[in-house]
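Engineer: Next comes run-v4.cif, mmCIF, N, CA and C atoms and all ligand atoms:
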```cif
data_structure
#
loop_
_atom_site.label_atom_id
_atom_site.label_comp_id
_atom_site.auth_asym_id
_atom_site.auth_seq_id
_atom_site.Cartn_x
_atom_site.Cartn_y
_atom_site.Cartn_z
N MET G 1 86.54 82.06 98.69
CA MET G 1 86.79 82.82 97.46
C MET G 1 87.91 83.84 97.71
N GLN G 2 87.83 84.44 98.89
CA GLN G 2 88.83 85.43 99.26
C GLN G 2 90.23 84.80 99.30
N ASN G 3 90.27 83.56 99.84
CA ASN G 3 91.55 82.85 99.90
C ASN G 3 92.05 82.48 98.52
N ASN G 4 91.08 82.12 97.69
CA ASN G 4 91.37 81.82 96.30
C ASN G 4 92.05 82.99 95.61
N PHE G 5 91.46 84.17 95.80
CA PHE G 5 92.03 85.39 95.23
C PHE G 5 93.43 85.63 95.78
N TYR G 6 93.54 85.42 97.10
CA TYR G 6 94.83 85.70 97.72
C TYR G 6 95.91 84.78 97.17
N GLU G 7 95.52 83.54 96.92
CA GLU G 7 96.47 82.59 96.33
C GLU G 7 96.94 83.08 94.96
N LYS G 8 95.97 83.55 94.17
CA LYS G 8 96.31 84.03 92.83
C LYS G 8 97.17 85.27 92.89
N LEU G 9 96.86 86.14 93.85
CA LEU G 9 97.66 87.35 94.01
C LEU G 9 99.08 87.00 94.44
N THR G 10 99.18 85.98 95.30
CA THR G 10 100.50 85.53 95.73
C THR G 10 101.28 84.97 94.54
N GLN G 11 100.56 84.25 93.69
CA GLN G 11 101.17 83.73 92.46
C GLN G 11 101.71 84.89 91.61
N MET G 12 100.88 85.94 91.47
CA MET G 12 101.31 87.13 90.72
C MET G 12 102.54 87.76 91.36
N ALA G 13 102.51 87.80 92.69
CA ALA G 13 103.62 88.40 93.43
C ALA G 13 104.92 87.65 93.15
N LEU G 14 104.82 86.32 93.07
CA LEU G 14 106.01 85.52 92.78
C LEU G 14 106.50 85.77 91.36
N GLU G 15 105.53 85.86 90.43
CA GLU G 15 105.91 86.08 89.04
C GLU G 15 106.58 87.44 88.84
N ARG G 16 106.14 88.41 89.62
CA ARG G 16 106.64 89.76 89.42
C ARG G 16 107.89 90.08 90.24
N SER G 17 108.36 89.10 90.97
CA SER G 17 109.54 89.35 91.79
C SER G 17 110.59 88.28 91.51
N THR G 18 111.79 88.56 91.94
CA THR G 18 112.91 87.65 91.72
C THR G 18 113.46 87.24 93.08
N PRO G 19 113.82 85.95 93.25
CA PRO G 19 114.50 85.57 94.49
C PRO G 19 115.77 86.41 94.67
N PHE G 20 116.05 86.76 95.88
CA PHE G 20 117.15 87.69 96.14
C PHE G 20 117.94 87.20 97.34
N CYS G 21 119.24 87.07 97.17
CA CYS G 21 120.10 86.65 98.28
C CYS G 21 120.54 87.88 99.06
N TYR G 22 120.10 87.97 100.29
CA TYR G 22 120.42 89.16 101.08
C TYR G 22 121.90 89.17 101.47
N GLY G 23 122.43 87.98 101.76
CA GLY G 23 123.83 87.86 102.15
C GLY G 23 124.77 88.41 101.07
N CYS G 24 124.50 88.07 99.83
CA CYS G 24 125.34 88.51 98.72
C CYS G 24 124.78 89.78 98.08
N TYR G 25 123.61 90.14 98.49
CA TYR G 25 122.89 91.30 97.98
C TYR G 25 122.78 91.29 96.46
N LYS G 26 122.25 90.20 95.94
CA LYS G 26 122.02 90.13 94.50
C LYS G 26 120.88 89.17 94.16
N ASP G 27 120.33 89.33 92.98
CA ASP G 27 119.28 88.44 92.51
C ASP G 27 119.82 87.03 92.34
N ALA G 28 118.96 86.08 92.63
CA ALA G 28 119.31 84.68 92.39
C ALA G 28 118.09 84.01 91.77
N PRO G 29 117.89 84.27 90.47
CA PRO G 29 116.64 83.88 89.79
C PRO G 29 116.29 82.40 89.94
N SER G 30 117.26 81.54 90.08
CA SER G 30 116.96 80.12 90.17
C SER G 30 116.40 79.74 91.54
N GLY G 31 116.52 80.65 92.51
CA GLY G 31 116.06 80.32 93.86
C GLY G 31 117.19 79.81 94.74
N ARG G 32 118.34 79.60 94.13
CA ARG G 32 119.53 79.23 94.91
C ARG G 32 120.67 80.14 94.48
N CYS G 33 121.32 80.73 95.47
CA CYS G 33 122.38 81.70 95.17
C CYS G 33 123.60 80.97 94.61
N ASN G 34 124.13 81.42 93.47
CA ASN G 34 125.28 80.73 92.90
C ASN G 34 126.61 81.19 93.50
N THR G 35 126.54 82.09 94.50
CA THR G 35 127.75 82.51 95.19
C THR G 35 127.88 81.79 96.54
N CYS G 36 126.81 81.89 97.36
CA CYS G 36 126.89 81.29 98.70
C CYS G 36 126.04 80.02 98.81
N PHE G 37 125.33 79.68 97.75
CA PHE G 37 124.51 78.46 97.68
C PHE G 37 123.36 78.43 98.68
N SER G 38 123.02 79.60 99.23
CA SER G 38 121.86 79.66 100.12
C SER G 38 120.59 79.54 99.29
N ASP G 39 119.54 78.94 99.89
CA ASP G 39 118.25 78.98 99.20
C ASP G 39 117.22 79.71 100.07
N ASP G 40 117.72 80.44 101.04
CA ASP G 40 116.86 81.24 101.92
C ASP G 40 116.74 82.63 101.29
N MET G 41 115.69 82.80 100.49
CA MET G 41 115.64 83.95 99.60
C MET G 41 114.63 85.00 100.02
N MET G 42 115.04 86.25 99.90
CA MET G 42 114.08 87.33 99.97
C MET G 42 113.50 87.49 98.57
N ARG G 43 112.54 88.44 98.43
CA ARG G 43 112.00 88.71 97.09
C ARG G 43 112.37 90.12 96.70
N HIS G 44 112.73 90.28 95.43
CA HIS G 44 113.13 91.59 94.92
C HIS G 44 112.16 92.03 93.83
N VAL G 45 111.54 93.18 94.02
CA VAL G 45 110.73 93.78 92.96
C VAL G 45 111.47 95.02 92.49
N PRO G 46 111.98 94.98 91.26
CA PRO G 46 112.78 96.10 90.76
C PRO G 46 112.01 97.43 90.92
N GLY G 47 112.68 98.39 91.48
CA GLY G 47 112.09 99.71 91.63
C GLY G 47 111.18 99.85 92.84
N VAL G 48 110.91 98.73 93.50
CA VAL G 48 110.02 98.79 94.67
C VAL G 48 110.77 98.44 95.94
N GLY G 49 111.46 97.31 95.95
CA GLY G 49 112.22 96.99 97.14
C GLY G 49 112.56 95.52 97.26
N VAL G 50 113.16 95.23 98.40
CA VAL G 50 113.57 93.87 98.73
C VAL G 50 113.03 93.58 100.13
N GLU G 51 112.30 92.49 100.27
CA GLU G 51 111.73 92.12 101.57
C GLU G 51 111.55 90.61 101.61
N TRP G 52 111.33 90.09 102.81
CA TRP G 52 110.96 88.69 102.94
C TRP G 52 109.49 88.52 102.59
N GLY G 53 109.15 87.36 102.09
CA GLY G 53 107.75 87.02 101.88
C GLY G 53 107.14 87.68 100.66
N THR G 54 105.85 87.45 100.48
CA THR G 54 105.17 87.97 99.30
C THR G 54 104.04 88.94 99.67
N GLU G 55 103.71 89.00 100.97
CA GLU G 55 102.58 89.83 101.38
C GLU G 55 102.74 91.28 100.94
N TRP G 56 103.93 91.81 101.09
CA TRP G 56 104.17 93.21 100.74
C TRP G 56 104.04 93.44 99.24
N ILE G 57 104.31 92.39 98.46
CA ILE G 57 104.18 92.53 97.00
C ILE G 57 102.70 92.53 96.63
N VAL G 58 101.94 91.63 97.27
CA VAL G 58 100.49 91.61 97.05
C VAL G 58 99.90 92.98 97.40
N GLN G 59 100.33 93.50 98.54
CA GLN G 59 99.87 94.82 98.98
C GLN G 59 100.19 95.89 97.93
N HIS G 60 101.39 95.81 97.41
CA HIS G 60 101.83 96.77 96.40
C HIS G 60 100.97 96.65 95.13
N ILE G 61 100.69 95.42 94.72
CA ILE G 61 99.86 95.21 93.52
C ILE G 61 98.47 95.81 93.75
N LEU G 62 97.89 95.51 94.91
CA LEU G 62 96.55 96.03 95.22
C LEU G 62 96.55 97.55 95.21
N GLU G 63 97.55 98.12 95.86
CA GLU G 63 97.58 99.59 96.00
C GLU G 63 97.82 100.31 94.67
N THR G 64 98.65 99.72 93.83
CA THR G 64 98.99 100.43 92.60
C THR G 64 98.02 100.16 91.47
N GLU G 65 97.33 99.01 91.52
CA GLU G 65 96.50 98.66 90.36
C GLU G 65 95.01 98.74 90.59
N LEU G 66 94.63 98.90 91.86
CA LEU G 66 93.20 98.96 92.15
C LEU G 66 92.89 100.21 92.98
N THR G 67 91.64 100.63 92.89
CA THR G 67 91.19 101.72 93.74
C THR G 67 90.28 101.11 94.80
N PRO G 68 90.57 101.35 96.07
CA PRO G 68 89.70 100.79 97.11
C PRO G 68 88.27 101.30 96.93
N VAL G 69 87.31 100.48 97.34
CA VAL G 69 85.91 100.89 97.26
C VAL G 69 85.68 102.04 98.23
N ASN G 70 85.08 103.10 97.73
CA ASN G 70 84.62 104.17 98.60
C ASN G 70 83.25 103.73 99.13
N LEU G 71 83.24 103.13 100.32
CA LEU G 71 82.03 102.49 100.84
C LEU G 71 80.86 103.47 100.95
N GLU G 72 81.16 104.64 101.49
CA GLU G 72 80.12 105.65 101.69
C GLU G 72 79.46 106.01 100.35
N GLU G 73 80.32 106.23 99.35
CA GLU G 73 79.84 106.62 98.04
C GLU G 73 79.02 105.50 97.38
N ALA G 74 79.54 104.27 97.50
CA ALA G 74 78.87 103.12 96.88
C ALA G 74 77.54 102.83 97.57
N PHE G 75 77.53 102.99 98.88
CA PHE G 75 76.30 102.79 99.64
C PHE G 75 75.26 103.82 99.22
N GLU G 76 75.69 105.05 99.13
CA GLU G 76 74.77 106.12 98.72
C GLU G 76 74.19 105.82 97.34
N GLU G 77 75.04 105.33 96.44
CA GLU G 77 74.59 104.96 95.10
C GLU G 77 73.51 103.88 95.17
N SER G 78 73.71 102.90 96.07
CA SER G 78 72.72 101.82 96.17
C SER G 78 71.40 102.36 96.73
N ILE G 79 71.49 103.31 97.64
CA ILE G 79 70.28 103.96 98.18
C ILE G 79 69.54 104.67 97.05
N ARG G 80 70.31 105.34 96.21
CA ARG G 80 69.70 106.08 95.11
C ARG G 80 68.96 105.15 94.14
N GLN G 81 69.44 103.91 94.07
CA GLN G 81 68.76 102.96 93.18
C GLN G 81 67.52 102.36 93.82
N CYS G 82 67.44 102.42 95.15
CA CYS G 82 66.31 101.79 95.85
C CYS G 82 65.14 102.75 96.07
N TYR G 83 65.44 104.02 96.14
CA TYR G 83 64.40 104.99 96.49
C TYR G 83 64.32 106.07 95.40
N PRO G 84 63.16 106.74 95.36
CA PRO G 84 63.06 107.86 94.42
C PRO G 84 64.17 108.88 94.73
N GLU G 85 64.63 109.54 93.70
CA GLU G 85 65.78 110.42 93.85
C GLU G 85 65.51 111.59 94.81
N THR G 86 64.27 112.10 94.75
CA THR G 86 63.94 113.23 95.62
C THR G 86 62.72 112.90 96.46
N VAL G 87 62.58 113.67 97.53
CA VAL G 87 61.44 113.48 98.41
C VAL G 87 60.86 114.86 98.71
N LYS G 88 59.56 114.97 98.77
CA LYS G 88 58.92 116.26 99.04
C LYS G 88 58.56 116.36 100.51
N VAL G 89 59.01 117.43 101.12
CA VAL G 89 58.62 117.73 102.49
C VAL G 89 57.98 119.11 102.45
N GLY G 90 56.68 119.16 102.63
CA GLY G 90 56.00 120.44 102.47
C GLY G 90 56.28 120.98 101.09
N TRP G 91 56.83 122.17 101.01
CA TRP G 91 57.12 122.77 99.70
C TRP G 91 58.55 122.51 99.24
N MET G 92 59.29 121.74 100.03
CA MET G 92 60.69 121.51 99.66
C MET G 92 60.83 120.19 98.92
N THR G 93 61.65 120.21 97.88
CA THR G 93 62.01 118.98 97.20
C THR G 93 63.46 118.68 97.57
N LEU G 94 63.66 117.58 98.28
CA LEU G 94 64.98 117.28 98.83
C LEU G 94 65.56 116.00 98.25
N ASP G 95 66.85 115.94 98.29
CA ASP G 95 67.57 114.75 97.83
C ASP G 95 67.40 113.64 98.88
N THR G 96 66.80 112.51 98.46
CA THR G 96 66.45 111.44 99.41
C THR G 96 67.65 110.95 100.22
N ALA G 97 68.73 110.66 99.53
CA ALA G 97 69.90 110.11 100.23
C ALA G 97 70.44 111.11 101.25
N SER G 98 70.47 112.40 100.89
CA SER G 98 70.97 113.41 101.82
C SER G 98 70.07 113.53 103.04
N VAL G 99 68.76 113.45 102.81
CA VAL G 99 67.82 113.54 103.93
C VAL G 99 68.06 112.36 104.88
N LEU G 100 68.16 111.16 104.32
CA LEU G 100 68.39 109.98 105.15
C LEU G 100 69.68 110.14 105.96
N ARG G 101 70.73 110.59 105.31
CA ARG G 101 72.02 110.69 105.97
C ARG G 101 72.01 111.77 107.05
N GLU G 102 71.42 112.90 106.72
CA GLU G 102 71.50 114.03 107.64
C GLU G 102 70.47 113.97 108.77
N MET G 103 69.30 113.39 108.49
CA MET G 103 68.26 113.38 109.53
C MET G 103 68.51 112.30 110.57
N ASP G 104 69.18 111.22 110.17
CA ASP G 104 69.42 110.15 111.13
C ASP G 104 70.77 109.48 110.86
N PRO G 105 71.83 110.18 111.25
CA PRO G 105 73.19 109.69 110.96
C PRO G 105 73.47 108.32 111.57
N VAL G 106 72.84 108.04 112.73
CA VAL G 106 73.10 106.75 113.39
C VAL G 106 72.53 105.61 112.54
N ALA G 107 71.25 105.77 112.15
CA ALA G 107 70.62 104.74 111.31
C ALA G 107 71.38 104.60 109.99
N TRP G 108 71.86 105.73 109.46
CA TRP G 108 72.61 105.72 108.21
C TRP G 108 73.86 104.87 108.35
N SER G 109 74.57 105.07 109.46
CA SER G 109 75.84 104.35 109.57
C SER G 109 75.59 102.87 109.88
N ILE G 110 74.48 102.55 110.57
CA ILE G 110 74.13 101.14 110.79
C ILE G 110 73.79 100.49 109.44
N ALA G 111 73.00 101.20 108.65
CA ALA G 111 72.61 100.66 107.34
C ALA G 111 73.85 100.48 106.45
N LEU G 112 74.76 101.42 106.55
CA LEU G 112 76.01 101.32 105.78
C LEU G 112 76.80 100.08 106.18
N GLY G 113 76.86 99.83 107.49
CA GLY G 113 77.56 98.65 108.00
C GLY G 113 76.92 97.36 107.50
N GLU G 114 75.58 97.34 107.53
CA GLU G 114 74.86 96.15 107.08
C GLU G 114 75.05 95.92 105.58
N TRP G 115 75.04 97.02 104.86
CA TRP G 115 75.24 96.94 103.41
C TRP G 115 76.63 96.39 103.11
N GLU G 116 77.62 96.87 103.85
CA GLU G 116 79.00 96.42 103.69
C GLU G 116 79.11 94.91 103.91
N THR G 117 78.48 94.43 105.01
CA THR G 117 78.49 93.00 105.32
C THR G 117 77.84 92.20 104.20
N GLN G 118 76.70 92.70 103.75
CA GLN G 118 75.96 91.99 102.72
C GLN G 118 76.74 91.92 101.40
N GLU G 119 77.28 93.05 100.99
CA GLU G 119 78.07 93.10 99.75
C GLU G 119 79.24 92.14 99.83
N SER G 120 79.86 92.11 101.00
CA SER G 120 81.03 91.26 101.17
C SER G 120 80.63 89.78 101.19
N GLU G 121 79.49 89.46 101.84
CA GLU G 121 79.02 88.08 101.86
C GLU G 121 78.62 87.60 100.47
N GLU G 122 78.09 88.52 99.69
CA GLU G 122 77.69 88.14 98.34
C GLU G 122 78.88 88.12 97.38
N GLY G 123 80.02 88.53 97.88
CA GLY G 123 81.22 88.47 97.06
C GLY G 123 81.34 89.60 96.05
N ILE G 124 80.61 90.69 96.29
CA ILE G 124 80.68 91.82 95.37
C ILE G 124 81.91 92.67 95.69
N ILE G 125 82.20 92.77 96.98
CA ILE G 125 83.43 93.44 97.39
C ILE G 125 84.26 92.44 98.19
N VAL G 126 85.56 92.66 98.19
CA VAL G 126 86.43 91.70 98.86
C VAL G 126 87.52 92.45 99.62
N SER G 127 87.84 91.94 100.80
CA SER G 127 88.87 92.58 101.61
C SER G 127 89.94 91.56 101.96
N PHE G 128 91.18 92.00 101.99
CA PHE G 128 92.27 91.10 102.38
C PHE G 128 92.84 91.49 103.73
N ASN G 129 92.20 92.48 104.38
CA ASN G 129 92.66 92.87 105.72
C ASN G 129 91.48 93.04 106.68
N ASP G 130 90.60 92.04 106.65
CA ASP G 130 89.45 92.01 107.56
C ASP G 130 88.59 93.26 107.51
N GLY G 131 88.33 93.72 106.33
CA GLY G 131 87.40 94.82 106.18
C GLY G 131 88.02 96.21 106.32
N GLY G 132 89.34 96.27 106.47
CA GLY G 132 90.00 97.58 106.53
C GLY G 132 89.87 98.30 105.20
N THR G 133 90.12 97.55 104.15
CA THR G 133 90.01 98.08 102.79
C THR G 133 89.24 97.07 101.95
N TYR G 134 88.31 97.56 101.15
CA TYR G 134 87.60 96.68 100.24
C TYR G 134 87.96 97.01 98.80
N TYR G 135 87.95 95.96 97.98
CA TYR G 135 88.11 96.15 96.54
C TYR G 135 86.91 95.53 95.85
N TRP G 136 86.58 96.04 94.66
CA TRP G 136 85.50 95.43 93.88
C TRP G 136 86.00 94.09 93.38
N THR G 137 85.22 93.05 93.62
CA THR G 137 85.61 91.70 93.22
C THR G 137 85.93 91.61 91.72
N HIS G 138 85.08 92.28 90.91
CA HIS G 138 85.32 92.17 89.46
C HIS G 138 86.64 92.82 89.06
N GLU G 139 87.09 93.82 89.82
CA GLU G 139 88.38 94.44 89.50
C GLU G 139 89.54 93.53 89.92
N VAL G 140 89.35 92.84 91.04
CA VAL G 140 90.40 91.89 91.46
C VAL G 140 90.49 90.76 90.45
N GLU G 141 89.32 90.31 90.00
CA GLU G 141 89.30 89.23 89.00
C GLU G 141 90.00 89.65 87.73
N ALA G 142 89.79 90.93 87.35
CA ALA G 142 90.37 91.44 86.11
C ALA G 142 91.90 91.46 86.16
N LEU G 143 92.46 91.51 87.37
CA LEU G 143 93.91 91.48 87.48
C LEU G 143 94.46 90.17 86.89
ZN ZN B 1 124.30 84.46 98.27
#
```
Output the file's structure in the form of structure tokens.

Structural biologist:
Amino acid sequence: MQNNFYEKLTQMALERSTPFCYGCYKDAPSGRCNTCFSDDMMRHVPGVGVEWGTEWIVQHILETELTPVNLEEAFEESIRQCYPETVKVGWMTLDTASVLREMDPVAWSIALGEWETQESEEGIIVSFNDGGTYYWTHEVEAL
């Protein structure tokens, strides 16, 4: 599915950029330069830059149009949905998620890691750089 998305993003990247002849330093929309007849083209995104390949354009689309998932925040939200909002300790009423996080940071971060893996396996979040950055799948789809 991730590859599927990447293919579509690459397609978008091609649509949003123009073939560019670096030798003549000009756009060559047909894919072949009408000055030097080269077909070895860079890609030009007006206002963004000129580079080889499409990866940088995909990156640009992701960065400008999507907000990466804040894993910590999203995980905390899922905890809040699983457990009662507050917990009573003696006479104190405490926020459950905060207690979990603060009383056992190691278990918290393990659980966060497991949650991340699970969300990603279920296709709820998706990463194009091996988990460095995640995006919500439904937002990528909406692109
Ligand atoms: Zn040329």

Engineer: Ranking G:Tyr6, G:Phe128, G:Tyr134, G:Tyr22 by minimum distance to Phe37 (chain G) and counting only C-alpha atoms, which one comes first?

Structural biologist: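 Checking each of G:Tyr6, G:Phe128, G:Tyr134, G:Tyr22 against Phe37 (chain G), counting only C-alpha atoms, the winner is G:Tyr22.
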
Engineer: Within 6 Å of ligand ZN 1 (chain B) (counting all atoms listed in the file), which residues show up? I'd like them as a ChimeraX atom specification.

Structural biologist: /G:21-25,33-38

Engineer: With distances taken over only N, CA and C atoms, which of G:Val89, G:His44, G:Ile61, G:Trp115 is nearest to Phe20 (chain G)?

Structural biologist: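 Using only N, CA and C atoms, the shortest distance to Phe20 (chain G) belongs to G:His44.
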
Engineer: CA of Val45 (chain G) and atom N of Ser17 (chain G) are how many Å apart?

Structural biologist: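 Value for the CA of Val45 (chain G)-atom N of Ser17 (chain G) distance: 5.6 Å.
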
Engineer: Check the smallest atom-to-atom distance from each of G:Ala97, G:Thr18, G:Glu119, G:Asn70 to Gly49 (chain G) using only C-alpha atoms, then report the winner.

Structural biologist: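 Result for the nearest residue to Gly49 (chain G): G:Thr18.
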
Engineer: As number ranges by chain, please: all residues of region 4-125 of chain G that backbone DSSP puts in helix (DSSP H, G or I).

Structural biologist: G: 4-15, 55-65, 71-82, 96-103, 105-121

Engineer: Pick from G:Ala28, G:Gly47, G:Leu100, G:Val58: nearest to Leu14 (chain G), with all atoms listed in the file counted?

Structural biologist: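 Distance minimum relative to Leu14 (chain G) lands on G:Val58.
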
Engineer: Can you tell me which residues surround Glu116 (chain G) at a distance of at most 10 Å, considering only C-alpha atoms, apart from same-chain residues fewer than 4 positions away, and format the answer as a list in words?

Structural biologist: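 So, after excluding close chain neighbours, the residues are Leu71, Glu72, Ala74, Phe75, Ile110, Ala111, Leu112, Ser120, Glu121, Glu122, Ile124, Ile125, Gly131 and Tyr134 of chain G.
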
Engineer: Kindly indicate which residue among G:Val99, G:Met12, G:Leu94, G:Leu62 lies nearest to Val140 (chain G), using only C-alpha atoms for the distances.

Structural biologist: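 Distance minimum relative to Val140 (chain G) lands on G:Leu62.
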
Engineer: Please compute the CA of Pro84 (chain G)-CA of Thr96 (chain G) distance, one decimal, in Å.

Structural biologist: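 Going from CA of Pro84 (chain G) over to CA of Thr96 (chain G) covers 7.0 Å.
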
Engineer: Closest to Glu55 (chain G) among G:Thr10, G:Ser30, G:Ser109, G:Ser127, using all atoms listed in the file?

Structural biologist: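 For Glu55 (chain G), the nearest of the candidates is G:Thr10.
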
Engineer: Please measure the separation of CA of Asn4 (chain G) and CA of Asp40 (chain G), giving the value in Å to one decimal.

Structural biologist: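 Atom-to-atom, CA of Asn4 (chain G) and CA of Asp40 (chain G) are spaced 26.1 Å apart.
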
Engineer: Show me, as lines of an AutoDock Vina configuration file, the centre and edge lengths in Å to one decimal of the axis-aligned box that covers every listed atom of region 107-111 of chain G with 3 Å on each side.

Structural biologist:
```
center_x = 73.2
center_y = 103.1
center_z = 109.3
size_x = 11.2
size_y = 11.3
size_z = 11.7
```

Engineer: Using backbone DSSP assignments, extract all strand (DSSP E or B) residues from chain G; output them as a list in words.

Structural biologist: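 Restricting chain G to strand (DSSP E or B) produces Thr18, Pro19, Phe20, Cys21, Lys26, Asp27, Met42, Arg43, His44, Val45, Gly49, Val50, Glu51, Thr86, Val87, Lys88, Val89, Met92, Thr93, Leu94, Asp95, Ile125, Val126, Ser127, Tyr134, Tyr135 and Trp136 of chain G.
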
Engineer: Would you mind completing region 26-44 of chain G so that it carries N, CA, C and O atoms, and writing it out as a CSV table (one decimal), in the frame of the given file?

Structural biologist:
```csv
chain,number,residue,atom,x,y,z
G,26,LYS,N,122.2,90.2,95.9
G,26,LYS,CA,122.0,90.1,94.5
G,26,LYS,C,120.9,89.2,94.2
G,26,LYS,O,120.5,88.3,95.0
G,27,ASP,N,120.3,89.3,93.0
G,27,ASP,CA,119.3,88.4,92.5
G,27,ASP,C,119.8,87.0,92.3
G,27,ASP,O,121.0,86.8,92.0
G,28,ALA,N,119.0,86.1,92.6
G,28,ALA,CA,119.3,84.7,92.4
G,28,ALA,C,118.1,84.0,91.8
G,28,ALA,O,117.3,83.3,92.4
G,29,PRO,N,117.9,84.3,90.5
G,29,PRO,CA,116.6,83.9,89.8
G,29,PRO,C,116.3,82.4,89.9
G,29,PRO,O,115.1,82.0,89.9
G,30,SER,N,117.3,81.5,90.1
G,30,SER,CA,117.0,80.1,90.2
G,30,SER,C,116.4,79.7,91.5
G,30,SER,O,115.9,78.6,91.7
G,31,GLY,N,116.5,80.6,92.5
G,31,GLY,CA,116.1,80.3,93.9
G,31,GLY,C,117.2,79.8,94.7
G,31,GLY,O,117.0,79.6,95.9
G,32,ARG,N,118.3,79.6,94.1
G,32,ARG,CA,119.5,79.2,94.9
G,32,ARG,C,120.7,80.1,94.5
G,32,ARG,O,120.9,80.3,93.3
G,33,CYS,N,121.3,80.7,95.5
G,33,CYS,CA,122.4,81.7,95.2
G,33,CYS,C,123.6,81.0,94.6
G,33,CYS,O,124.1,80.0,95.2
G,34,ASN,N,124.1,81.4,93.5
G,34,ASN,CA,125.3,80.7,92.9
G,34,ASN,C,126.6,81.2,93.5
G,34,ASN,O,127.7,80.8,93.1
G,35,THR,N,126.5,82.1,94.5
G,35,THR,CA,127.8,82.5,95.2
G,35,THR,C,127.9,81.8,96.5
G,35,THR,O,128.9,81.2,96.8
G,36,CYS,N,126.8,81.9,97.4
G,36,CYS,CA,126.9,81.3,98.7
G,36,CYS,C,126.0,80.0,98.8
G,36,CYS,O,126.0,79.4,99.8
G,37,PHE,N,125.3,79.7,97.8
G,37,PHE,CA,124.5,78.5,97.7
G,37,PHE,C,123.4,78.4,98.7
G,37,PHE,O,122.8,77.4,98.9
G,38,SER,N,123.0,79.6,99.2
G,38,SER,CA,121.9,79.7,100.1
G,38,SER,C,120.6,79.5,99.3
G,38,SER,O,120.6,80.0,98.1
G,39,ASP,N,119.5,78.9,99.9
G,39,ASP,CA,118.2,79.0,99.2
G,39,ASP,C,117.2,79.7,100.1
G,39,ASP,O,116.0,79.6,99.9
G,40,ASP,N,117.7,80.4,101.0
G,40,ASP,CA,116.9,81.2,101.9
G,40,ASP,C,116.7,82.6,101.3
G,40,ASP,O,117.6,83.5,101.5
G,41,MET,N,115.7,82.8,100.5
G,41,MET,CA,115.6,84.0,99.6
G,41,MET,C,114.6,85.0,100.0
G,41,MET,O,113.5,84.7,100.4
G,42,MET,N,115.0,86.2,99.9
G,42,MET,CA,114.1,87.3,100.0
G,42,MET,C,113.5,87.5,98.6
G,42,MET,O,113.9,86.8,97.6
G,43,ARG,N,112.5,88.4,98.4
G,43,ARG,CA,112.0,88.7,97.1
G,43,ARG,C,112.4,90.1,96.7
G,43,ARG,O,112.3,91.0,97.5
G,44,HIS,N,112.7,90.3,95.4
G,44,HIS,CA,113.1,91.6,94.9
G,44,HIS,C,112.2,92.0,93.8
G,44,HIS,O,111.9,91.3,92.9
```
